[in-house]
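Contents: one structure, followed by commentary.
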Amino acid sequence: MPESGAAAGGPAPPAGLAGTFELGGVVPVNRLGFGAMRLPGVWEESQDPRQAHRLLRRAVELGVNLIDTAHAYGPETSERLIAEALHPYPPNLIVATKAGYGPRGARGWAPDGRPETIRRHCQRSLEALRTERIDLLQLHTLDPAVPIEESVGAMVELQAKGKVGMLGVSNVSLQELDRARAVGEIVAVQNRYHLGDRASEDVLAACERAGIAFLPWFPIGAGALARADELQAVASAHDATAAQVALAWLLQRSPVLLPIPGTSSIAHLEENVAAAGLRLTSEEVRRLNG
Ligand SMILES: NC(=O)c1ccc[n+]([C@@H]2O[C@H](COP(=O)([O-])OP(=O)(O)OC[C@H]3O[C@@H](n4cnc5c(N)ncnc54)[C@H](OP(=O)(O)O)[C@@H]3O)[C@@H](O)[C@H]2O)c1
């Protein structure tokens, strides 16, 4: 992962993968990223970690240089697998992680946006990812018991200490995004958004106005869009798959959208990356919008 400002001065990332987006107007990433929540071994420890290593290395080889993970994925397993596979990190790779969600004793898995938890999760992420600085730290989700200003405030302090490069928020409404932006510079938003769920249109429009990256989670509808009959006709016309149509639609929907499809399979990874080269006609986009 680049140290502070290094990505801006380093070599440009390879062209392709649907072009680049500059995080914070400065740090370039290829628009088609990778979501590391479903890496083999994250949720079942019996899996051979070499499967996840191969997948991650193949993603980077194909030009992916934005990988999304979280302290919660495992917890920590996804981050550890990323470090095992890719550390020392290629200079242009951005690993985005998240704090503020995870196992919380008797409450089970729950949001925890208390500043001390944000600091603890960040520290654990630094260790798991074997880095001195998190490229992009996102608030995983809002804790109803903690004002977003306090959670993001803790992230701003971590940024000031050099432990975090850039800041993002996830699962936010328009109002929550505005409140977060009043506390720190937010360069990325991560909300659920795909062909079948466009509830975050207002947040997407705000990101477009402000030049903020929008990382749509569930870009393939958690796999459902890969099986959706409605996408098959368009897919057939391009000799493509429905999953590729779902990703191509996102890439054409807005230049600030940076899809992070997740997979446990190298074949699906390759298929998803190839979607960056699929160009839908305006008639097809109109049909899909409907
Ligand atoms: N911020 C949040 O709260 C939040 C919540 C959820 C997810 N996320 C992030 O978003 C990323 C993406 O979400 P996701 O992985 O849950 O959902 P997704 O990318 O929409 O879909 C992943 C599912 O689709 C399948 N799939 C992937 N590519 C496929 C293809 N080409 N053909 C057929 N099936 C395919 C995968 O199965 P196979 O393993 O068989 O390929 C997997 O079951 C996550 O990895 C994570 O980084 C964030």
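In the structure tokens, chains take the letters A, B, ... in the order shown, each chain's residues start at 1, and ligands count up from 1 in the order shown.
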Contact check, region 125-220 of chain A to region 254-268 of chain A, at most 10 Å, counting only C-alpha atoms, closest pairs as a tab-separated table:
```
residue	atom	partner	partner_atom	distance
A:Ala188	CA	A:Val256	CA	9.4
A:Val189	CA	A:Leu257	CA	9.8
A:Gln190	CA	A:Leu258	CA	9.4
A:Tyr193	CA	A:Pro259	CA	9.3
A:His194	CA	A:Pro259	CA	9.3
A:Leu204	CA	A:Val256	CA	8.2
A:Ala205	CA	A:Ser254	CA	9.1
A:Cys207	CA	A:Val256	CA	7.2
A:Glu208	CA	A:Val256	CA	6.2
A:Arg209	CA	A:Val256	CA	9.8
A:Ala210	CA	A:Val256	CA	9.8
A:Gly211	CA	A:Val256	CA	7.0
A:Ile212	CA	A:Val256	CA	6.8
A:Ala213	CA	A:Val256	CA	5.0
A:Phe214	CA	A:Leu257	CA	4.9
A:Leu215	CA	A:Leu258	CA	4.9
A:Pro216	CA	A:Pro259	CA	5.5
A:Trp217	CA	A:Ile260	CA	6.6
A:Phe218	CA	A:Pro261	CA	7.0
A:Pro219	CA	A:Pro261	CA	5.8
A:Ile220	CA	A:Pro261	CA	6.8
```
message: Need to verify the contact set: Val169 (chain A), 9 Å, only C-alpha atoms, exclusion of same-chain residues closer than 2 positions in sequence. Can you return it as a list in words?
response: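 Answer for this query is Lys98, Leu137, Gln138, Leu139, His140, Thr141, Leu142, Val152, Leu167, Asn171, Val172, Leu177, Ala180, Ile186, Val187, Ala188, Val189, Gln190 and Asn191 of chain A.
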For the selection you just gave me, I'd like the residues written to a file as a compact mmCIF listing (two decimals), in the first residue's frame, keeping all heavy atoms.
```txt
# COMPACT_ATOMS: atom_id res chain seq x y z
N LYS A 98 -12.64 -1.51 6.96
CA LYS A 98 -13.73 -0.84 7.68
C LYS A 98 -13.61 -1.12 9.17
O LYS A 98 -13.13 -2.19 9.57
CB LYS A 98 -15.10 -1.33 7.21
CG LYS A 98 -15.29 -1.36 5.72
CD LYS A 98 -16.71 -1.75 5.34
CE LYS A 98 -16.77 -2.20 3.90
NZ LYS A 98 -16.32 -3.60 3.68
N LEU A 137 -9.91 4.04 5.31
CA LEU A 137 -10.68 3.46 6.43
C LEU A 137 -12.12 3.95 6.33
O LEU A 137 -12.37 5.16 6.28
CB LEU A 137 -10.08 3.87 7.78
CG LEU A 137 -10.80 3.25 9.00
CD1 LEU A 137 -10.58 1.73 9.06
CD2 LEU A 137 -10.32 3.89 10.31
N GLN A 138 -13.05 2.99 6.31
CA GLN A 138 -14.47 3.34 6.18
C GLN A 138 -15.19 3.01 7.49
O GLN A 138 -14.93 1.97 8.12
CB GLN A 138 -15.10 2.53 5.05
CG GLN A 138 -14.38 2.69 3.70
CD GLN A 138 -14.59 1.50 2.77
OE1 GLN A 138 -15.39 1.56 1.86
NE2 GLN A 138 -13.89 0.39 2.99
N LEU A 139 -16.10 3.87 7.88
CA LEU A 139 -16.98 3.54 9.02
C LEU A 139 -17.96 2.49 8.49
O LEU A 139 -18.71 2.77 7.55
CB LEU A 139 -17.72 4.79 9.50
CG LEU A 139 -18.71 4.54 10.64
CD1 LEU A 139 -18.00 4.07 11.90
CD2 LEU A 139 -19.51 5.82 10.93
N HIS A 140 -17.94 1.27 9.09
CA HIS A 140 -18.67 0.15 8.49
C HIS A 140 -20.17 0.43 8.41
O HIS A 140 -20.82 0.18 7.39
CB HIS A 140 -18.41 -1.13 9.28
CG HIS A 140 -18.66 -2.38 8.51
ND1 HIS A 140 -17.85 -3.49 8.57
CD2 HIS A 140 -19.62 -2.69 7.61
CE1 HIS A 140 -18.32 -4.43 7.78
NE2 HIS A 140 -19.39 -3.97 7.18
N THR A 141 -20.69 0.94 9.51
CA THR A 141 -22.12 1.24 9.54
C THR A 141 -22.38 2.15 10.72
O THR A 141 -21.56 2.25 11.63
CB THR A 141 -22.95 -0.07 9.62
OG1 THR A 141 -24.31 0.21 9.35
CG2 THR A 141 -22.82 -0.73 10.98
N LEU A 142 -23.51 2.80 10.70
CA LEU A 142 -23.82 3.74 11.78
C LEU A 142 -24.25 2.98 13.03
O LEU A 142 -25.04 2.06 12.95
CB LEU A 142 -24.93 4.67 11.31
CG LEU A 142 -25.06 5.96 12.10
CD1 LEU A 142 -23.89 6.88 11.79
CD2 LEU A 142 -26.36 6.64 11.77
N VAL A 152 -16.76 9.29 13.19
CA VAL A 152 -15.90 9.85 12.14
C VAL A 152 -14.81 10.72 12.79
O VAL A 152 -13.67 10.76 12.30
CB VAL A 152 -16.73 10.64 11.09
CG1 VAL A 152 -15.83 11.32 10.08
CG2 VAL A 152 -17.69 9.69 10.38
N LEU A 167 -10.55 8.65 4.22
CA LEU A 167 -11.71 8.24 5.01
C LEU A 167 -12.93 7.97 4.14
O LEU A 167 -13.15 8.66 3.14
CB LEU A 167 -12.08 9.35 6.01
CG LEU A 167 -10.98 9.85 6.95
CD1 LEU A 167 -11.53 10.94 7.87
CD2 LEU A 167 -10.42 8.69 7.78
N ASN A 171 -23.08 2.50 4.41
CA ASN A 171 -24.47 2.34 4.87
C ASN A 171 -25.01 3.64 5.47
O ASN A 171 -25.53 3.65 6.59
CB ASN A 171 -24.55 1.18 5.87
CG ASN A 171 -24.14 -0.13 5.24
OD1 ASN A 171 -24.70 -0.54 4.23
ND2 ASN A 171 -23.13 -0.78 5.79
N VAL A 172 -24.87 4.71 4.71
CA VAL A 172 -25.31 6.02 5.21
C VAL A 172 -26.44 6.59 4.35
O VAL A 172 -26.55 6.31 3.16
CB VAL A 172 -24.15 7.05 5.22
CG1 VAL A 172 -23.14 6.73 6.30
CG2 VAL A 172 -23.49 7.17 3.85
N LEU A 177 -24.35 11.30 5.50
CA LEU A 177 -23.16 11.63 4.71
C LEU A 177 -22.79 13.10 4.93
O LEU A 177 -21.62 13.44 5.13
CB LEU A 177 -23.43 11.35 3.22
CG LEU A 177 -22.33 11.80 2.25
CD1 LEU A 177 -20.99 11.14 2.57
CD2 LEU A 177 -22.73 11.49 0.80
N ALA A 180 -21.15 13.49 8.28
CA ALA A 180 -19.78 12.96 8.26
C ALA A 180 -18.84 13.93 7.55
O ALA A 180 -17.71 14.18 8.00
CB ALA A 180 -19.75 11.59 7.58
N ILE A 186 -14.44 13.08 3.38
CA ILE A 186 -14.91 11.74 3.02
C ILE A 186 -14.68 11.56 1.52
O ILE A 186 -15.23 12.30 0.71
CB ILE A 186 -16.42 11.59 3.35
CG1 ILE A 186 -16.69 11.86 4.84
CG2 ILE A 186 -16.96 10.22 2.92
CD1 ILE A 186 -16.00 10.91 5.80
N VAL A 187 -13.86 10.56 1.16
CA VAL A 187 -13.57 10.36 -0.26
C VAL A 187 -14.36 9.19 -0.85
O VAL A 187 -14.37 9.02 -2.07
CB VAL A 187 -12.05 10.14 -0.52
CG1 VAL A 187 -11.22 11.25 0.10
CG2 VAL A 187 -11.58 8.78 -0.04
N ALA A 188 -15.00 8.38 0.01
CA ALA A 188 -15.72 7.22 -0.52
C ALA A 188 -16.94 6.89 0.34
O ALA A 188 -16.91 7.04 1.56
CB ALA A 188 -14.80 6.00 -0.57
N VAL A 189 -17.98 6.46 -0.35
CA VAL A 189 -19.20 5.97 0.31
C VAL A 189 -19.42 4.55 -0.18
O VAL A 189 -19.23 4.26 -1.35
CB VAL A 189 -20.42 6.85 -0.07
CG1 VAL A 189 -21.71 6.19 0.37
CG2 VAL A 189 -20.29 8.23 0.54
N GLN A 190 -19.82 3.67 0.75
CA GLN A 190 -20.10 2.28 0.34
C GLN A 190 -21.50 1.93 0.81
O GLN A 190 -21.75 1.73 2.00
CB GLN A 190 -19.05 1.34 0.96
CG GLN A 190 -19.22 -0.08 0.47
CD GLN A 190 -18.10 -1.02 0.91
OE1 GLN A 190 -18.37 -2.18 1.21
NE2 GLN A 190 -16.87 -0.55 0.93
N ASN A 191 -22.44 1.90 -0.12
CA ASN A 191 -23.83 1.54 0.18
C ASN A 191 -24.26 0.40 -0.72
O ASN A 191 -23.67 0.19 -1.79
CB ASN A 191 -24.76 2.74 -0.09
CG ASN A 191 -24.81 3.73 1.07
OD1 ASN A 191 -24.01 3.66 2.00
ND2 ASN A 191 -25.75 4.66 1.00
```
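Every residue of region 18-110 of chain A with a DSSP assignment of strand (DSSP E or B), taken from the backbone, is listed as Thr20, Phe21, Glu22, Leu23, Val27, Pro28, Val29, Asn30, Phe34, Gly35, Leu66, Ile67, Asp68, Ile94, Val95, Ala96, Thr97, Lys98, Ala99, Tyr101, Gly102, Pro103, Trp109 and Ala110 of chain A.
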message: From the options A:Gly184, A:Gly223, A:Pro91, A:Gly19, which residue's atoms come nearest to ligand 1, counting only C-alpha atoms and all ligand atoms?
response: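 Smallest separation from ligand 1 among the options: A:Gly223.
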query: Hey, which of A:Arg54, A:Arg286, A:His238, A:Arg120 ends up closest to Gln252 (chain A)? Count only C-alpha atoms.
result: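 Comparing A:Arg54, A:Arg286, A:His238, A:Arg120 against Gln252 (chain A), the winner is A:Arg286.
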message: Can you pull out the residues contacting Thr131 (chain A)? Cut-off 9 Å, using only C-alpha atoms, and skip same-chain residues under 6 positions away; I want them as a PyMOL selection string.
response: chain A and resi 1+83+87-88+125
Kindly export the residues of the current selection with all heavy atoms, as a short mmCIF file (atom, residue, chain, number, x, y, z; two decimals), in the first residue's frame.
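Below is the file that was written, again_1.cif:
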```
data_model
loop_
_atom_site.label_atom_id
_atom_site.label_comp_id
_atom_site.auth_asym_id
_atom_site.auth_seq_id
_atom_site.Cartn_x
_atom_site.Cartn_y
_atom_site.Cartn_z
N MET A 1 0.84 -1.19 0.00
CA MET A 1 0.00 0.00 0.00
C MET A 1 0.88 1.24 0.00
O MET A 1 1.89 1.26 0.66
CB MET A 1 -0.88 0.02 1.25
CG MET A 1 -1.92 -1.07 1.22
SD MET A 1 -3.13 -0.92 2.52
CE MET A 1 -2.23 -1.59 3.89
N ALA A 83 -2.90 -9.81 3.47
CA ALA A 83 -1.48 -9.59 3.79
C ALA A 83 -0.63 -10.79 3.38
O ALA A 83 0.43 -10.64 2.77
CB ALA A 83 -1.31 -9.29 5.27
N HIS A 87 1.40 -8.91 0.62
CA HIS A 87 2.43 -8.12 1.27
C HIS A 87 3.81 -8.64 0.89
O HIS A 87 3.99 -9.86 0.92
CB HIS A 87 2.25 -8.18 2.79
CG HIS A 87 3.13 -7.21 3.52
ND1 HIS A 87 4.44 -7.49 3.84
CD2 HIS A 87 2.89 -5.95 3.95
CE1 HIS A 87 4.97 -6.45 4.47
NE2 HIS A 87 4.05 -5.49 4.54
N PRO A 88 4.79 -7.78 0.53
CA PRO A 88 4.72 -6.32 0.44
C PRO A 88 3.85 -5.89 -0.73
O PRO A 88 3.95 -6.42 -1.82
CB PRO A 88 6.18 -5.90 0.24
CG PRO A 88 6.85 -7.11 -0.33
CD PRO A 88 6.12 -8.30 0.17
N SER A 125 -6.58 -3.79 12.39
CA SER A 125 -6.45 -3.83 10.93
C SER A 125 -5.00 -3.54 10.50
O SER A 125 -4.48 -4.18 9.58
CB SER A 125 -7.38 -2.82 10.26
OG SER A 125 -8.72 -3.20 10.44
#
```
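Put simply, CA of Leu62 (chain A) is 26.6 Å away from CA of Ser170 (chain A).
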- prompt: Quick one: of A:Ala145, A:Ala72, A:Ala18, A:Ala85, who's nearest to ligand 1, counting only C-alpha atoms and all ligand atoms?
  reply: A:Ala72
Polymer residues at most 10 Å from Leu278 (chain A), only C-alpha atoms, same-chain spacing of 3 or more positions, as a list in words: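 Answer for this query is Ala18, Ala235, His238, Asp239, Ala240, Gln244, Val245, Leu247, Ala248, Trp249, Leu251, Gln252, Val273, Ala274, Ala275 and Thr281 of chain A.
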